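The file target.cif contains mmCIF, C-alpha atoms and all ligand atoms:
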data_run
#
loop_
_atom_site.label_atom_id
_atom_site.label_comp_id
_atom_site.auth_asym_id
_atom_site.auth_seq_id
_atom_site.Cartn_x
_atom_site.Cartn_y
_atom_site.Cartn_z
CA MET M 6 -26.88 -15.55 12.75
CA GLU M 7 -23.26 -15.56 13.82
CA TYR M 8 -21.93 -12.33 15.34
CA ARG M 9 -18.40 -10.94 15.54
CA LYS M 10 -17.18 -8.74 18.39
CA PHE M 11 -14.45 -6.13 17.93
CA ASN M 12 -12.43 -4.29 20.53
CA ALA M 13 -9.51 -1.85 20.16
CA ASP M 14 -7.83 1.03 22.03
CA TYR M 15 -10.46 3.38 20.61
CA LEU M 16 -13.81 2.97 18.91
CA PHE M 17 -14.92 5.87 16.70
CA ASN M 18 -18.68 5.47 16.19
CA GLY M 19 -19.16 8.18 13.53
CA THR M 20 -19.40 11.11 15.95
CA SER M 21 -17.43 10.29 19.11
CA LEU M 22 -14.14 8.62 19.94
CA LEU M 23 -15.01 6.05 22.64
CA GLY M 24 -12.48 4.33 24.91
CA GLU M 25 -11.25 0.75 25.07
CA ASP M 26 -14.12 -0.37 27.31
CA HIS M 27 -16.47 -0.52 24.29
CA VAL M 28 -17.12 -3.51 22.04
CA LEU M 29 -18.59 -3.30 18.54
CA ILE M 30 -20.87 -6.18 17.54
CA ALA M 31 -21.69 -6.88 13.88
CA ASP M 32 -23.02 -9.84 11.92
CA SER M 33 -20.81 -11.65 9.42
CA THR M 34 -21.94 -9.30 6.61
CA GLY M 35 -20.84 -6.27 8.65
CA ARG M 36 -24.34 -5.13 9.62
CA ILE M 37 -24.02 -3.35 12.98
CA LYS M 38 -25.91 -4.89 15.88
CA ASP M 39 -24.75 -2.85 18.83
CA ILE M 40 -21.98 -1.17 20.82
CA VAL M 41 -21.83 -2.57 24.36
CA HIS M 42 -19.65 -2.25 27.45
CA TYR M 43 -16.78 -4.74 27.59
CA THR M 44 -18.16 -6.39 30.72
CA ASN M 45 -21.44 -7.17 28.91
CA ALA M 46 -19.89 -8.42 25.67
CA GLY M 47 -19.38 -12.05 26.66
CA GLU M 48 -16.94 -14.44 24.98
CA GLY M 49 -15.14 -14.38 21.64
CA ILE M 50 -14.03 -10.75 21.47
CA GLU M 51 -11.47 -10.02 18.70
CA LEU M 52 -8.79 -7.68 20.05
CA PHE M 53 -7.04 -5.05 17.90
CA SER M 54 -4.49 -2.35 18.51
CA GLY M 55 -5.51 1.11 17.22
CA ILE M 56 -8.81 2.80 16.30
CA LEU M 57 -11.88 1.07 14.88
CA SER M 58 -13.77 3.35 12.49
CA PRO M 59 -16.71 3.11 10.08
CA GLY M 60 -15.63 2.85 6.41
CA PHE M 61 -14.32 6.04 4.84
CA ILE M 62 -16.22 8.17 2.32
CA ASN M 63 -14.22 9.69 -0.53
CA ALA M 64 -16.40 12.67 -1.42
CA HIS M 65 -14.39 13.69 -4.48
CA TRP M 66 -12.58 11.46 -6.90
CA HIS M 67 -11.94 10.96 -10.64
CA LEU M 68 -11.76 7.18 -11.13
CA GLU M 69 -11.39 7.62 -14.91
CA LEU M 70 -8.12 9.58 -14.51
CA SER M 71 -6.32 6.72 -12.72
CA HIS M 72 -4.01 6.14 -15.72
CA LEU M 73 -2.45 9.60 -15.16
CA ARG M 74 -0.67 8.54 -11.96
CA ASN M 75 2.76 10.22 -11.62
CA LEU M 76 2.50 11.72 -15.12
CA ILE M 77 1.70 15.37 -14.38
CA PRO M 78 4.44 17.59 -12.86
CA GLU M 79 3.75 18.94 -9.36
CA LYS M 80 3.27 22.51 -8.12
CA LYS M 81 2.76 24.15 -11.53
CA GLY M 82 -0.59 25.76 -10.73
CA LEU M 83 -4.13 24.87 -11.76
CA ALA M 84 -4.16 26.33 -15.28
CA ASP M 85 -1.14 24.23 -16.24
CA PHE M 86 -2.66 21.16 -14.56
CA VAL M 87 -5.98 21.46 -16.43
CA PHE M 88 -4.08 21.77 -19.71
CA SER M 89 -2.14 18.55 -18.94
CA VAL M 90 -5.32 16.62 -18.04
CA VAL M 91 -7.14 17.72 -21.20
CA ALA M 92 -4.10 16.69 -23.23
CA GLY M 93 -3.86 13.32 -21.38
CA ARG M 94 -7.44 12.14 -21.78
CA ASN M 95 -6.92 10.37 -25.08
CA PHE M 96 -5.23 7.12 -24.08
CA GLU M 97 -6.30 3.78 -25.59
CA GLU M 98 -9.15 2.15 -23.72
CA GLU M 99 -7.10 -0.67 -22.19
CA LYS M 100 -4.56 1.76 -20.76
CA ILE M 101 -7.45 3.43 -18.97
CA LEU M 102 -9.47 0.37 -17.86
CA VAL M 103 -6.65 -1.58 -16.14
CA PRO M 104 -5.65 1.33 -13.85
CA ILE M 105 -9.36 1.85 -13.02
CA GLY M 106 -9.59 -1.67 -11.58
CA ARG M 107 -6.32 -1.30 -9.72
CA ALA M 108 -7.34 2.05 -8.26
CA GLU M 109 -10.64 0.70 -6.94
CA ALA M 110 -8.86 -2.23 -5.27
CA GLU M 111 -6.37 0.15 -3.64
CA MET M 112 -9.19 2.29 -2.35
CA LEU M 113 -11.16 -0.66 -0.96
CA GLY M 114 -8.14 -2.07 0.86
CA SER M 115 -7.46 1.19 2.69
CA GLY M 116 -11.04 1.41 3.95
CA ILE M 117 -13.01 3.54 1.46
CA VAL M 118 -16.58 2.25 1.04
CA ALA M 119 -18.27 5.01 -0.99
CA VAL M 120 -17.24 7.67 -3.47
CA GLY M 121 -18.49 10.81 -5.11
CA ASP M 122 -16.95 10.17 -8.53
CA ILE M 123 -16.54 12.67 -11.35
CA CYS M 124 -17.31 11.13 -14.77
CA ASN M 125 -16.60 12.64 -18.19
CA ASN M 126 -17.38 9.39 -19.97
CA SER M 127 -18.80 5.95 -19.14
CA MET M 128 -15.53 4.01 -19.12
CA SER M 129 -15.74 3.37 -15.37
CA LEU M 130 -19.26 1.92 -15.59
CA LEU M 131 -18.19 -1.71 -16.05
CA GLN M 132 -16.04 -1.56 -12.89
CA LYS M 133 -18.86 0.05 -10.94
CA GLU M 134 -21.36 -2.64 -11.86
CA ASN M 135 -19.50 -5.15 -9.66
CA GLY M 136 -20.92 -3.22 -6.71
CA LYS M 137 -17.94 -3.47 -4.36
CA VAL M 138 -17.93 0.28 -3.67
CA SER M 139 -20.97 2.61 -3.60
CA TYR M 140 -20.76 5.44 -6.12
CA TYR M 141 -22.59 8.72 -6.53
CA ASN M 142 -21.69 9.42 -10.17
CA PHE M 143 -21.30 13.10 -11.02
CA ILE M 144 -21.57 13.34 -14.80
CA GLU M 145 -19.37 16.34 -15.42
CA THR M 146 -20.00 18.82 -18.17
CA SER M 147 -17.87 21.70 -19.39
CA GLY M 148 -17.76 24.14 -22.29
CA TRP M 149 -16.82 27.80 -22.02
CA ASN M 150 -17.74 28.68 -25.56
CA PRO M 151 -21.51 29.36 -25.60
CA ALA M 152 -21.74 28.00 -29.15
CA ILE M 153 -21.00 24.43 -27.98
CA ALA M 154 -23.48 24.37 -25.07
CA ASP M 155 -25.96 22.16 -26.98
CA THR M 156 -23.45 19.51 -28.07
CA ARG M 157 -21.75 19.36 -24.66
CA PHE M 158 -25.09 19.04 -22.89
CA GLU M 159 -26.31 16.28 -25.25
CA LYS M 160 -23.12 14.32 -24.65
CA SER M 161 -23.38 14.58 -20.87
CA LYS M 162 -27.07 13.71 -20.99
CA SER M 163 -26.32 10.52 -22.96
CA TYR M 164 -23.72 9.43 -20.34
CA TYR M 165 -26.19 10.28 -17.59
CA ASP M 166 -28.85 8.08 -19.26
CA GLU M 167 -26.31 5.27 -19.60
CA PHE M 168 -25.53 5.36 -15.85
CA ILE M 169 -29.21 5.57 -14.87
CA ASN M 170 -30.07 2.65 -17.18
CA LYS M 171 -27.45 0.56 -15.36
CA LYS M 172 -29.15 1.41 -12.04
CA GLN M 173 -26.33 3.69 -10.88
CA ILE M 174 -26.94 6.84 -8.84
CA ALA M 175 -26.04 9.87 -10.95
CA SER M 176 -26.48 13.59 -11.46
CA ILE M 177 -25.28 16.07 -14.10
CA VAL M 178 -22.83 18.63 -12.69
CA PRO M 179 -20.70 21.55 -13.89
CA HIS M 180 -16.90 21.12 -13.92
CA ALA M 181 -15.91 24.56 -12.61
CA PRO M 182 -17.19 28.14 -12.69
CA TYR M 183 -14.65 29.12 -15.35
CA SER M 184 -15.44 26.22 -17.70
CA VAL M 185 -19.24 26.36 -17.97
CA SER M 186 -20.95 29.07 -20.02
CA ARG M 187 -24.21 30.69 -18.98
CA GLU M 188 -25.89 28.84 -21.84
CA LEU M 189 -24.60 25.48 -20.58
CA TRP M 190 -25.65 26.28 -16.98
CA GLY M 191 -29.12 26.94 -18.40
CA LYS M 192 -29.24 23.45 -19.95
CA ILE M 193 -28.06 21.53 -16.86
CA THR M 194 -29.82 23.47 -14.08
CA PRO M 195 -33.17 21.61 -14.51
CA PHE M 196 -31.30 18.36 -13.67
CA PHE M 197 -30.20 19.58 -10.22
CA THR M 198 -33.61 19.25 -8.58
CA ASP M 199 -33.41 17.06 -5.43
CA LYS M 200 -29.97 15.76 -6.46
CA VAL M 201 -26.50 15.89 -4.97
CA VAL M 202 -24.41 18.24 -7.10
CA THR M 203 -20.78 19.25 -6.95
CA ILE M 204 -18.33 21.70 -8.50
CA HIS M 205 -14.59 22.41 -8.36
CA SER M 206 -14.64 25.79 -6.63
CA GLN M 207 -11.98 28.41 -5.88
CA GLU M 208 -9.15 25.94 -6.43
CA THR M 209 -6.83 28.71 -7.66
CA LYS M 210 -6.71 32.36 -6.68
CA ASP M 211 -6.84 33.24 -10.37
CA GLU M 212 -10.45 32.04 -10.40
CA ASP M 213 -11.62 35.03 -8.35
CA GLU M 214 -9.32 37.29 -10.37
CA PHE M 215 -11.04 36.10 -13.54
CA PHE M 216 -14.57 36.67 -12.20
CA LEU M 217 -13.73 39.99 -10.54
CA ASN M 218 -11.50 41.51 -13.25
CA GLY M 219 -11.44 39.18 -16.28
CA THR M 220 -7.67 38.72 -16.01
CA GLY M 221 -5.10 36.13 -14.85
CA SER M 222 -3.83 32.66 -15.77
CA LEU M 223 -7.27 31.37 -16.80
CA VAL M 224 -7.29 33.81 -19.72
CA GLU M 225 -3.97 32.29 -20.81
CA LEU M 226 -5.43 28.79 -20.42
CA TYR M 227 -8.23 29.65 -22.87
CA GLN M 228 -5.62 30.91 -25.33
CA ARG M 229 -3.54 27.72 -25.02
CA LEU M 230 -6.66 25.59 -25.55
CA ASN M 231 -7.85 27.81 -28.44
CA ILE M 232 -11.05 28.69 -26.61
CA ASP M 233 -12.67 31.99 -27.61
CA ASN M 234 -13.08 34.21 -24.54
CA SER M 235 -13.84 37.50 -26.35
CA PHE M 236 -17.52 37.42 -25.33
CA TYR M 237 -16.75 37.43 -21.58
CA LYS M 238 -17.40 40.46 -19.38
CA ALA M 239 -16.18 40.15 -15.75
CA LYS M 240 -19.09 40.14 -13.31
CA LYS M 241 -17.29 41.97 -10.48
CA LEU M 242 -18.34 39.15 -8.12
CA THR M 243 -16.21 36.41 -6.58
CA SER M 244 -16.32 33.12 -8.45
CA LEU M 245 -18.65 31.49 -5.90
CA GLN M 246 -21.06 34.42 -5.84
CA SER M 247 -21.30 34.42 -9.61
CA TYR M 248 -22.64 30.85 -9.90
CA PHE M 249 -24.08 29.57 -6.62
CA ARG M 250 -27.68 30.62 -7.32
CA TYR M 251 -27.88 27.98 -10.08
CA PHE M 252 -27.86 25.27 -7.37
CA ALA M 253 -31.07 26.51 -5.70
CA GLU M 254 -33.03 23.28 -6.35
CA ALA M 255 -30.31 20.80 -5.37
CA SER M 256 -30.75 19.00 -2.05
CA SER M 257 -27.01 18.69 -1.35
CA VAL M 258 -24.13 20.74 -2.75
CA ILE M 259 -20.49 19.66 -2.42
CA LEU M 260 -18.06 22.52 -3.02
CA VAL M 261 -14.69 20.95 -3.78
CA HIS M 262 -11.30 22.48 -2.84
CA ASN M 263 -12.37 25.98 -1.60
CA THR M 264 -8.68 26.76 -1.30
CA TYR M 265 -9.19 30.48 -1.97
CA MET M 266 -12.68 30.86 -0.49
CA LYS M 267 -13.14 33.97 1.65
CA GLN M 268 -15.21 34.72 4.73
CA GLU M 269 -17.50 36.92 2.61
CA ASP M 270 -18.28 33.86 0.46
CA LEU M 271 -19.31 31.83 3.52
CA GLU M 272 -21.54 34.70 4.64
CA TYR M 273 -23.03 34.88 1.15
CA LEU M 274 -23.79 31.14 1.30
CA ASN M 275 -25.46 31.50 4.69
CA GLU M 276 -27.69 34.26 3.38
CA THR M 277 -28.63 32.70 0.03
CA LYS M 278 -28.80 28.95 0.53
CA PRO M 279 -32.27 27.38 0.60
CA ARG M 280 -33.28 26.31 4.12
CA ASN M 281 -33.29 22.55 3.51
CA GLN M 282 -30.18 22.43 1.38
CA MET M 283 -27.02 20.82 2.71
CA ILE M 284 -23.73 22.45 1.75
CA SER M 285 -20.49 20.51 2.26
CA PHE M 286 -16.93 21.69 1.81
CA CYS M 287 -14.78 18.89 0.45
CA LEU M 288 -11.09 19.17 1.26
CA CYS M 289 -8.54 17.55 -1.06
CA ILE M 290 -5.45 18.75 0.76
CA ASN M 291 -2.89 16.49 -0.90
CA ALA M 292 -4.12 17.59 -4.35
CA ASN M 293 -3.94 21.25 -3.29
CA LEU M 294 -0.32 20.72 -2.26
CA TYR M 295 0.35 18.78 -5.51
CA ILE M 296 -1.15 21.33 -7.91
CA GLU M 297 -1.02 24.75 -6.25
CA ASN M 298 1.28 24.07 -3.25
CA ALA M 299 -1.45 25.68 -1.12
CA LEU M 300 -3.47 24.73 1.96
CA PRO M 301 -7.27 25.03 2.22
CA PRO M 302 -8.63 27.55 4.82
CA ILE M 303 -9.59 24.90 7.37
CA ASP M 304 -9.51 27.26 10.39
CA MET M 305 -12.02 29.57 8.68
CA LEU M 306 -14.32 26.66 7.79
CA LEU M 307 -14.17 25.39 11.38
CA GLU M 308 -14.97 28.83 12.80
CA ASN M 309 -18.05 28.94 10.56
CA ASN M 310 -19.25 25.48 11.63
CA SER M 311 -19.07 24.25 8.05
CA ASN M 312 -19.84 20.64 7.11
CA ILE M 313 -16.41 19.39 6.02
CA ALA M 314 -15.89 16.20 3.99
CA ILE M 315 -12.73 14.62 2.57
CA GLY M 316 -11.75 13.71 -1.00
CA THR M 317 -8.60 12.36 -2.62
CA ASP M 318 -9.12 14.01 -6.02
CA SER M 319 -7.54 11.97 -8.83
CA LEU M 320 -4.32 10.01 -9.24
CA ALA M 321 -3.34 12.77 -11.69
CA SER M 322 -2.98 15.08 -8.66
CA ASN M 323 -2.26 12.71 -5.78
CA HIS M 324 0.24 9.95 -5.07
CA GLN M 325 -2.33 7.63 -3.49
CA LEU M 326 -6.06 7.07 -3.03
CA ASN M 327 -6.14 6.97 0.69
CA ILE M 328 -8.42 8.99 2.97
CA LEU M 329 -6.17 8.37 6.00
CA GLU M 330 -3.27 9.99 4.10
CA GLU M 331 -5.48 13.08 3.61
CA LEU M 332 -6.25 13.14 7.36
CA LYS M 333 -2.56 12.74 8.21
CA THR M 334 -1.65 15.72 6.01
CA ILE M 335 -4.37 17.82 7.67
CA ALA M 336 -3.21 16.74 11.15
CA ARG M 337 0.38 17.65 10.28
CA ASN M 338 -0.56 21.14 9.04
CA PHE M 339 -3.37 21.80 11.55
CA PRO M 340 -2.21 20.04 14.73
CA GLY M 341 -5.02 21.51 16.84
CA ILE M 342 -7.73 19.44 15.14
CA SER M 343 -8.66 16.31 17.12
CA THR M 344 -8.71 12.80 15.65
CA GLU M 345 -12.41 12.64 16.53
CA ILE M 346 -13.17 15.65 14.30
CA LEU M 347 -10.96 14.38 11.46
CA LEU M 348 -12.65 10.98 11.47
CA LYS M 349 -16.11 12.55 11.47
CA TRP M 350 -15.18 14.45 8.28
CA ALA M 351 -13.98 11.20 6.70
CA THR M 352 -17.06 9.16 7.63
CA LEU M 353 -20.44 10.59 8.65
CA ASN M 354 -20.00 14.04 7.06
CA GLY M 355 -19.02 12.51 3.71
CA ALA M 356 -21.90 10.02 3.88
CA LYS M 357 -24.36 12.87 4.48
CA ALA M 358 -22.87 14.91 1.65
CA ILE M 359 -23.50 12.12 -0.88
CA GLN M 360 -26.76 11.13 0.86
CA MET M 361 -25.64 7.62 1.78
CA ASP M 362 -25.85 8.07 5.54
CA ARG M 363 -28.87 5.76 5.79
CA ASN M 364 -26.48 2.82 5.51
CA LEU M 365 -22.96 4.26 5.79
CA GLY M 366 -20.84 6.65 7.84
CA SER M 367 -21.43 5.49 11.44
CA PHE M 368 -21.79 2.41 13.65
CA GLU M 369 -25.52 2.81 14.23
CA THR M 370 -27.59 -0.34 14.58
CA GLY M 371 -28.74 -1.68 11.21
CA LYS M 372 -26.16 0.17 9.10
CA GLN M 373 -23.55 -1.69 7.05
CA PRO M 374 -20.77 0.93 6.99
CA GLY M 375 -17.68 -1.30 6.71
CA ILE M 376 -15.27 -1.68 9.63
CA VAL M 377 -11.82 -0.10 9.31
CA LEU M 378 -8.81 -0.47 11.60
CA ILE M 379 -6.33 2.40 11.95
CA GLU M 380 -3.00 1.16 13.32
CA ASN M 381 0.21 2.83 14.54
CA ILE M 382 -1.33 5.68 16.50
CA SER M 383 0.23 7.58 19.40
CA GLY M 384 -2.29 8.08 22.20
CA ASP M 385 -5.36 8.98 20.14
CA LYS M 386 -3.29 10.92 17.56
CA LEU M 387 -2.48 9.91 14.00
CA THR M 388 1.24 9.58 13.25
CA ALA M 389 3.31 9.57 10.06
CA ASP M 390 3.24 5.74 10.27
CA SER M 391 -0.53 5.37 10.75
CA ILE M 392 -2.15 3.02 8.24
CA SER M 393 -5.74 1.94 7.66
CA ARG M 394 -7.21 -1.31 6.42
CA ARG M 395 -10.67 -2.74 6.04
CA ILE M 396 -11.30 -5.62 8.44
CA LEU M 397 -14.98 -6.31 7.60
ZN ZN K 401 -11.26 17.09 -9.00
#

As structure tokens, how would this structure be written, given the file I've shared?
Ligand SMILES: [Zn+2]
Amino acid sequence: MEYRKFNADYLFNGTSLLGEDHVLIADSTGRIKDIVHYTNAGEGIELFSGILSPGFINAHWHLELSHLRNLIPEKKGLADFVFSVVAGRNFEEEKILVPIGRAEAEMLGSGIVAVGDICNNSMSLLQKENGKVSYYNFIETSGWNPAIADTRFEKSKSYYDEFINKKQIASIVPHAPYSVSRELWGKITPFFTDKVVTIHSQETKDEDEFFLNGTGSLVELYQRLNIDNSFYKAKKLTSLQSYFRYFAEASSVILVHNTYMKQEDLEYLNETKPRNQMISFCLCINANLYIENALPPIDMLLENNSNIAIGTDSLASNHQLNILEELKTIARNFPGISTEILLKWATLNGAKAIQMDRNLGSFETGKQPGIVLIENISGDKLTADSISRRIL
């Protein structure tokens, strides 16, 4: 077996940022053999300028919305955004499939190797069968009107079966607390057992307002979409506290956005989560700036030792599908966070969240995580010009 040897200014192994005296050794398929000291690495070392990192994990994406790039106006708030997405779903198939292929290629080139992908249909399945990127497929269900719980569930279940029949990893998940009725939760909860599940959570401050008081922009959204909301009685709980118990049997829960999560919600999670369950907080900072012009509470999550992962969200709410661009935006707004911590969120933490850390997320011997080069750094800091590309 032929081996390749890689050296750069820094080597991020999945947990630590090592110095230039380390050499990464992998076989020609990218399977990691070892990390050794430069003096023991022998001949034939390939030299790079920048940081070598395991492939990135995109913990939250909507591949099927790739045709909506640059179509939805920015900074209008979540309720307006959801309305635009619902209205924009009905494009002809070809106008959806071509951007799907392009989006995957863009993602691969910038170093993403695995994705937690939200699916409302099976249009992305053909692309996924080529196996270039690993997907955890979250078959998303929604329906606020209790009367449609059966039909919505049956539809999601048929997509789920389609993905499973094609040997894809999949689970059935709720879209958001404000779009899934108690009846629909009841139908999908049995499918959470031992699965990775995810939900858009506390993306707008009106979400808590709706669950605490039954008022706010979400009520207007139901009116615009002609959805009957007359049955709803506010629970006097925050959004998160009103739904989290449904996830009791899931092995991993990815809470996406968390832009308006409060300390009391984190304490609630600590008290109620099952002992063996993993909870991850997926940040989609560029989408938060795009839709709500808001920043997620990263300092609070750090203080609580939360498992943070990174997602790009969709091209409907982001200008690119690039995990490094997410890290650069975080670094710009939270300059105290080290590159080592940012890269851990983008690699090992994401791999654990979607339960692919057996093979991905770090340069441990035997894994095949992809090798990414980050160029144009300053010291060990990311800069506005930093770019990433897959080199193996
Ligand atoms: Zn999303």

10 Å contact set for range 353-358 of chain M, only C-alpha atoms, chain neighbours under 4 positions out, as a PyMOL selection string: chain M and resi 18-20+59-65+118-121+201-203+256-259+283-287+312-316+348-349+362-368+374

Step by step, gather every atom of range 181-200 of chain M that the file lists, find the box along x, y and z that holds them, add 4 Å on each side, and finally give centre and edge lengths in Å to one decimal, as AutoDock Vina command-line options.
--center_x -24.1 --center_y 23.2 --center_z -13.6 --size_x 27.0 --size_y 22.9 --size_z 24.4

Show me, as a tab-separated table (two decimals) with C-alpha atoms, in the coordinates of the input, the residues that have an atom within 9 Å of His205 in chain M when counting all atoms listed in the file, minus same-chain residues fewer than 4 positions from it.
chain	number	residue	atom	x	y	z
M	179	PRO	CA	-20.70	21.55	-13.89
M	180	HIS	CA	-16.90	21.12	-13.92
M	181	ALA	CA	-15.91	24.56	-12.61
M	182	PRO	CA	-17.19	28.14	-12.69
M	259	ILE	CA	-20.49	19.66	-2.42
M	260	LEU	CA	-18.06	22.52	-3.02
M	261	VAL	CA	-14.69	20.95	-3.78
M	262	HIS	CA	-11.30	22.48	-2.84
M	263	ASN	CA	-12.37	25.98	-1.60

For Gly49 in chain M, which residue out of M:Phe158, M:Tyr251, M:Phe168, M:Phe11 is the nearest one, using only C-alpha atoms?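 The answer is M:Phe11, which sits nearest to Gly49 in chain M.
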
Could you tell me which of M:Phe143, M:Tyr8, M:Phe17, M:Tyr43 comes closest to Thr352 in chain M if we count all atoms listed in the file?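 Between M:Phe143, M:Tyr8, M:Phe17, M:Tyr43, the residue approaching Thr352 in chain M most closely is M:Phe17.
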
From the set M:Ile296, M:Ile232, M:Leu130, M:Ile40, which residue has the shortest atom-to-atom contact distance to ligand ZN 401 (chain K), counting all atoms listed in the file?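 Selected residue with least distance to ligand ZN 401 (chain K): M:Ile296.
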
What is the distance between CA of Leu378 in chain M and CA of Lys38 in chain M, in Å to one decimal?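 Computing it gives 18.2 Å between the two atoms.
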
Restricting the calculation to all atoms listed in the file, which member of M:Asn338, M:Ser54, M:Thr198, M:Asn291 is positioned closest to ligand ZN 401 (chain K)?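 Ranked by minimum distance to ligand ZN 401 (chain K), first place goes to M:Asn291.
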
Which residues, written as a PyMOL selection string, have at least one atom at most 10 Å from His27 in chain M, with all atoms listed in the file counted and residues fewer than 5 positions away on the same chain left out? chain M and resi 11-16+40-46

Could you name the residues that touch Thr194 in chain M at 12 Å or less, counting only C-alpha atoms, but leaving out those on the same chain fewer than 3 positions away, as a list in words?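 Contacts, in chain order: Thr146, Phe158, Ser176, Ile177, Val178, Pro179, Val185, Arg187, Glu188, Leu189, Trp190, Gly191, Phe197, Thr198, Asp199, Lys200, Val202, Tyr248, Phe249, Arg250, Tyr251, Phe252, Ala253, Glu254 and Ala255 of chain M.
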
Residue among M:Gln373, M:Gln268, M:Ser322, M:Asn381 lying closest to ligand ZN 401 (chain K), counting only C-alpha atoms and all ligand atoms: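 For ligand ZN 401 (chain K), the nearest of the given residues is M:Ser322.
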
Tell me which of M:Leu57, M:Ala321, M:Ala175, M:Leu29 sits closest to ligand ZN 401 (chain K), counting all atoms listed in the file.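 Answer, going by the shortest atom-to-atom distance: M:Ala321.
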
Would you mind listing what lies within 9 Å of Asp39 in chain M as number ranges by chain, with only C-alpha atoms counted and same-chain residues fewer than 5 positions away left out? M: 28-31, 368-371

What does the distance from CA of Gly55 in chain M to CA of Ile392 in chain M come to in Å, to one decimal?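 Here the two named atoms are 9.8 Å from each other.
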
Is there a way to get, as a PDB file with C-alpha atoms, keeping the file's coordinate frame, all residues within 12 Å of the point (2.5, 4.6, 16.5) in file coordinates, counting only C-alpha atoms?
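What ended up in part_25.pdb:
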ATOM      1  CA  SER M  54      -4.490  -2.350  18.510  1.00  0.00           C
ATOM      2  CA  GLY M  55      -5.510   1.110  17.220  1.00  0.00           C
ATOM      3  CA  ILE M  56      -8.810   2.800  16.300  1.00  0.00           C
ATOM      4  CA  ILE M 379      -6.330   2.400  11.950  1.00  0.00           C
ATOM      5  CA  GLU M 380      -3.000   1.160  13.320  1.00  0.00           C
ATOM      6  CA  ASN M 381       0.210   2.830  14.540  1.00  0.00           C
ATOM      7  CA  ILE M 382      -1.330   5.680  16.500  1.00  0.00           C
ATOM      8  CA  SER M 383       0.230   7.580  19.400  1.00  0.00           C
ATOM      9  CA  GLY M 384      -2.290   8.080  22.200  1.00  0.00           C
ATOM     10  CA  ASP M 385      -5.360   8.980  20.140  1.00  0.00           C
ATOM     11  CA  LYS M 386      -3.290  10.920  17.560  1.00  0.00           C
ATOM     12  CA  LEU M 387      -2.480   9.910  14.000  1.00  0.00           C
ATOM     13  CA  THR M 388       1.240   9.580  13.250  1.00  0.00           C
ATOM     14  CA  ALA M 389       3.310   9.570  10.060  1.00  0.00           C
ATOM     15  CA  ASP M 390       3.240   5.740  10.270  1.00  0.00           C
ATOM     16  CA  SER M 391      -0.530   5.370  10.750  1.00  0.00           C
ATOM     17  CA  ILE M 392      -2.150   3.020   8.240  1.00  0.00           C
TER      18      ILE M 392
END

Take CA of Glu69 in chain M and CA of Tyr295 in chain M and report the distance between them in Å, one decimal. 18.7 Å
